[in-house]
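Trainee: I'd like to ask some things about the structure below.
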Amino acid sequence: MTPAIQVRQVHKRYGSVHALAGVDLEVRQGEFFALLGPNGAGKTTLINTLAGLARADGGSLRVMGHDVVSGYREARRNLGVVPQELVFDPFFSVRETLRIQSGYFGLRRNDAWIDEVMERLDLTSRAGFNMRALSGGMKRRVLVAQALVHKPPVIVLDEPTAGVDVELRQALWNFVKQLNADGHTIVLTTHYLDEAEMLCQRVAMLKQGRVVALDTTQNLVRSVSGRQVRLRLAPDALPPLLEPIRLGSENGTHLLSLADYPELERVMAALREAGSRVLEMEIVQPDLEDVFVQIMRRE
């Protein structure tokens, strides 16, 4: 099957800054894919080259098999991008904005789909509002609607929940998950790593313009070495034998580092020997944030 997105040895420079330094990755059709990295890693630059807002200095990019340079019309027709910045025309209403966006793709009589998108994003009551009159969260909803108005099979969300309230975040993810279930490919960039872990099947991590990790979310989380255990004891003092693995203590609770699960038995043996009684115990599992921190430090 043709990849939804195919990136081959893509380079992009801005003066002395090597924003993309030989990026290679593929996103399969129907995937929910995360593109993660610190600020300046190259995520938005990669999205801009896919969308035709920037021209790569080398390599190739394809959307649904269409080269973004030689086949740019089809590539752009197959791609919807929700940008990080709030970009809008202040002279039109929400409905007019979406109709104009439809016109960019040659779509007439698209009101039925526009109505459905507005309803799913809770914009119906504001369809006649001028864009200037909307809050930041509502403007972000309109950006999402603009990206979807031509029903693209591939949707890129660049920090879509930055600065939005919890209600919008939940409504947006419910809508996007339904789009993914309907067969749309979703590519997400976010600094909320819990969102990426919950939603995405695979993750690519970028640093300084290079892919430094690419695997399923599950495999990446499993790759983290070490676990943690949180204990509340009576008496609350931690036995001296366990001090070397103590990460911290707060409000009578001690956080210990475990190299592996068998080490938990050695912790329990030390507690029994010291006469300590366990009042509460919680095994703290690693998450995608732990993976991210480890990989960024290592790379």
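Naming scheme: A, B, ... for chains in displayed order of the structure tokens; residues 1 onward per chain; ligands 1 onward as shown.
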Excluding same-chain residues fewer than 6 positions from Leu206 in chain A, what lies within 12 Å of it counting only C-alpha atoms, as a list in words?
Mentor: Ala19, Leu20, Ala21, Gly22, Val23, Asp24, Leu25, Ala34, Leu35, Leu36, Gly37, Pro38, Asn39, Gly40, Ala41, Gly42, Lys43, Thr44, Thr45, Leu46, Thr189, Val212, Ala213, Leu214, Phe292, Ile295, Met296 and Glu299 of chain A
Trainee: Dump N, CA and C atoms for the selected residues as a CSV table (one decimal), in the first residue's frame?
Mentor:
```csv
chain,number,residue,atom,x,y,z
A,19,ALA,N,18.1,22.8,9.6
A,19,ALA,CA,16.8,22.5,10.2
A,19,ALA,C,16.4,21.1,10.0
A,20,LEU,N,16.6,20.5,8.9
A,20,LEU,CA,16.4,19.1,8.6
A,20,LEU,C,17.6,18.5,8.0
A,21,ALA,N,18.1,17.5,8.6
A,21,ALA,CA,19.5,17.0,8.3
A,21,ALA,C,19.4,15.5,7.9
A,22,GLY,N,18.6,15.3,6.8
A,22,GLY,CA,18.5,13.9,6.3
A,22,GLY,C,17.4,13.1,7.0
A,23,VAL,N,16.2,13.7,7.0
A,23,VAL,CA,15.1,13.0,7.6
A,23,VAL,C,14.5,11.9,6.8
A,24,ASP,N,14.4,10.7,7.3
A,24,ASP,CA,13.8,9.6,6.7
A,24,ASP,C,12.6,9.0,7.5
A,25,LEU,N,11.4,9.0,7.0
A,25,LEU,CA,10.3,8.3,7.7
A,25,LEU,C,9.2,8.1,6.8
A,34,ALA,N,2.7,10.2,15.8
A,34,ALA,CA,3.2,11.3,16.5
A,34,ALA,C,4.6,11.8,16.0
A,35,LEU,N,4.8,13.0,15.9
A,35,LEU,CA,6.1,13.6,15.5
A,35,LEU,C,6.5,14.5,16.7
A,36,LEU,N,7.4,14.1,17.5
A,36,LEU,CA,7.8,14.7,18.7
A,36,LEU,C,9.2,15.3,18.7
A,37,GLY,N,9.5,16.2,19.5
A,37,GLY,CA,10.8,16.8,19.6
A,37,GLY,C,10.8,18.1,20.4
A,38,PRO,N,12.0,18.5,20.9
A,38,PRO,CA,12.0,19.8,21.6
A,38,PRO,C,11.8,21.0,20.6
A,39,ASN,N,11.7,22.2,21.1
A,39,ASN,CA,11.6,23.3,20.3
A,39,ASN,C,12.9,23.4,19.4
A,40,GLY,N,12.7,23.7,18.1
A,40,GLY,CA,13.8,23.8,17.2
A,40,GLY,C,14.3,22.5,16.6
A,41,ALA,N,13.5,21.4,16.9
A,41,ALA,CA,14.0,20.1,16.4
A,41,ALA,C,13.7,19.9,14.9
A,42,GLY,N,12.8,20.7,14.3
A,42,GLY,CA,12.6,20.6,12.9
A,42,GLY,C,11.2,20.1,12.6
A,43,LYS,N,10.3,20.0,13.5
A,43,LYS,CA,9.0,19.4,13.3
A,43,LYS,C,8.2,20.3,12.4
A,44,THR,N,8.1,21.6,12.7
A,44,THR,CA,7.3,22.5,11.9
A,44,THR,C,7.9,22.7,10.5
A,45,THR,N,9.2,22.7,10.4
A,45,THR,CA,9.9,22.8,9.1
A,45,THR,C,9.5,21.6,8.3
A,46,LEU,N,9.5,20.4,8.8
A,46,LEU,CA,9.1,19.3,8.1
A,46,LEU,C,7.7,19.4,7.6
A,189,THR,N,1.8,16.7,16.1
A,189,THR,CA,2.9,17.2,16.9
A,189,THR,C,2.4,17.9,18.1
A,212,VAL,N,15.8,10.6,15.8
A,212,VAL,CA,16.6,9.9,16.7
A,212,VAL,C,15.9,8.7,17.4
A,213,ALA,N,14.6,8.5,17.1
A,213,ALA,CA,13.8,7.4,17.6
A,213,ALA,C,12.6,7.2,16.7
A,214,LEU,N,12.3,6.0,16.3
A,214,LEU,CA,11.1,5.7,15.5
A,214,LEU,C,10.6,4.3,15.8
A,292,PHE,N,11.0,10.1,26.2
A,292,PHE,CA,11.5,11.3,25.6
A,292,PHE,C,12.7,11.9,26.3
A,295,ILE,N,15.9,9.7,25.7
A,295,ILE,CA,16.4,9.7,24.4
A,295,ILE,C,17.0,11.1,24.1
A,296,MET,N,16.4,12.2,24.5
A,296,MET,CA,16.9,13.5,24.2
A,296,MET,C,18.3,13.7,24.9
A,299,GLU,N,20.9,11.3,23.0
A,299,GLU,CA,21.2,11.8,21.7
A,299,GLU,C,21.9,13.1,21.7
```
Trainee: Give me, as a PyMOL selection string, all polymer residues having an atom no more than 9 Å from Pro160 in chain A, counting only C-alpha atoms and skipping those fewer than 5 positions away in the same chain.
Mentor: chain A and resi 82-84+140-141+144+169+172+188-190
Trainee: Give me, as a ChimeraX atom specification, all polymer residues having an atom no more than 10 Å from Leu242 in chain A, counting only C-alpha atoms and skipping those fewer than 6 positions away in the same chain.
Mentor: /A:256-257,266-267,270-271
Trainee: Would you list, as JSON, numbers by chain, the residues of range 186-288 of chain A that end up in helix (DSSP H, G or I) under DSSP run on this structure's backbone?
Mentor: {"A": [193, 194, 195, 196, 197, 198, 199, 217, 218, 219, 220, 221, 222, 240, 241, 242, 243, 244, 245, 263, 264, 265, 266, 267, 268, 269, 270, 271, 272, 273, 274, 288]}
Trainee: Could you check the closest approach to Ala54 in chain A for each of A:Tyr14, A:Trp113, A:Tyr261, A:Phe91 and tell me which residue wins, using only C-alpha atoms?
Mentor: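 Once distances to Ala54 in chain A are computed over only C-alpha atoms, the minimum belongs to A:Tyr14.
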Trainee: Neighbours of Thr217 in chain A within 12 Å (only C-alpha atoms; same-chain residues fewer than 4 positions away dropped), as a VMD selection string?
Mentor: chain A and resid 32 to 36 193 to 205 213 221 to 224 286 to 289 291 to 292
Trainee: Write out as a list in words which residues come within 6 Å of Val63 in chain A when counting only C-alpha atoms, dropping same-chain ones fewer than 2 positions away.
Mentor: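 Listed by chain and then number, they are Ala4, Ile5, Gly65, His66 and Ala75 of chain A.
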Trainee: Output the selection as a PDB file, in the first residue's frame - C-alpha atoms for each residue.
Mentor:
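So the final result, stored in again.pdb, reads:
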```
ATOM      1  CA  ALA A   4       0.292   8.255   3.396  1.00  0.00           C
ATOM      2  CA  ILE A   5       3.519  10.244   3.860  1.00  0.00           C
ATOM      3  CA  GLY A  65       2.244   8.897  -3.520  1.00  0.00           C
ATOM      4  CA  HIS A  66       2.271  12.426  -4.973  1.00  0.00           C
ATOM      5  CA  ALA A  75      -0.256  16.378  -2.860  1.00  0.00           C
TER       6      ALA A  75
END
```
Trainee: Quick one: distance from CA of Ala112 in chain A to CA of Gly136 in chain A in Å, one decimal?
Mentor: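 Rounded to one decimal, the two atoms are 25.6 Å apart.
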Trainee: Would you give me, as number ranges by chain, the residues in range 59-230 of chain A that DSSP reads as strand (DSSP E or B)?
Mentor: A: 59-63, 66-67, 79-82, 93, 130, 154-158, 185-189, 202-207, 210-216, 227-230
Trainee: Considering only C-alpha atoms, state which residue in the set A:Leu255, A:Val7, A:Ala127, A:Met138 is at the smallest distance from Arg99 in chain A.
Mentor: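 Closest residue, counting only C-alpha atoms: A:Ala127.
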Trainee: Ranking A:Val176, A:Arg232, A:Lys151, A:Val17 by minimum distance to Ser249 in chain A and counting only C-alpha atoms, which one comes first?
Mentor: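 Ranked by minimum distance to Ser249 in chain A, first place goes to A:Arg232.
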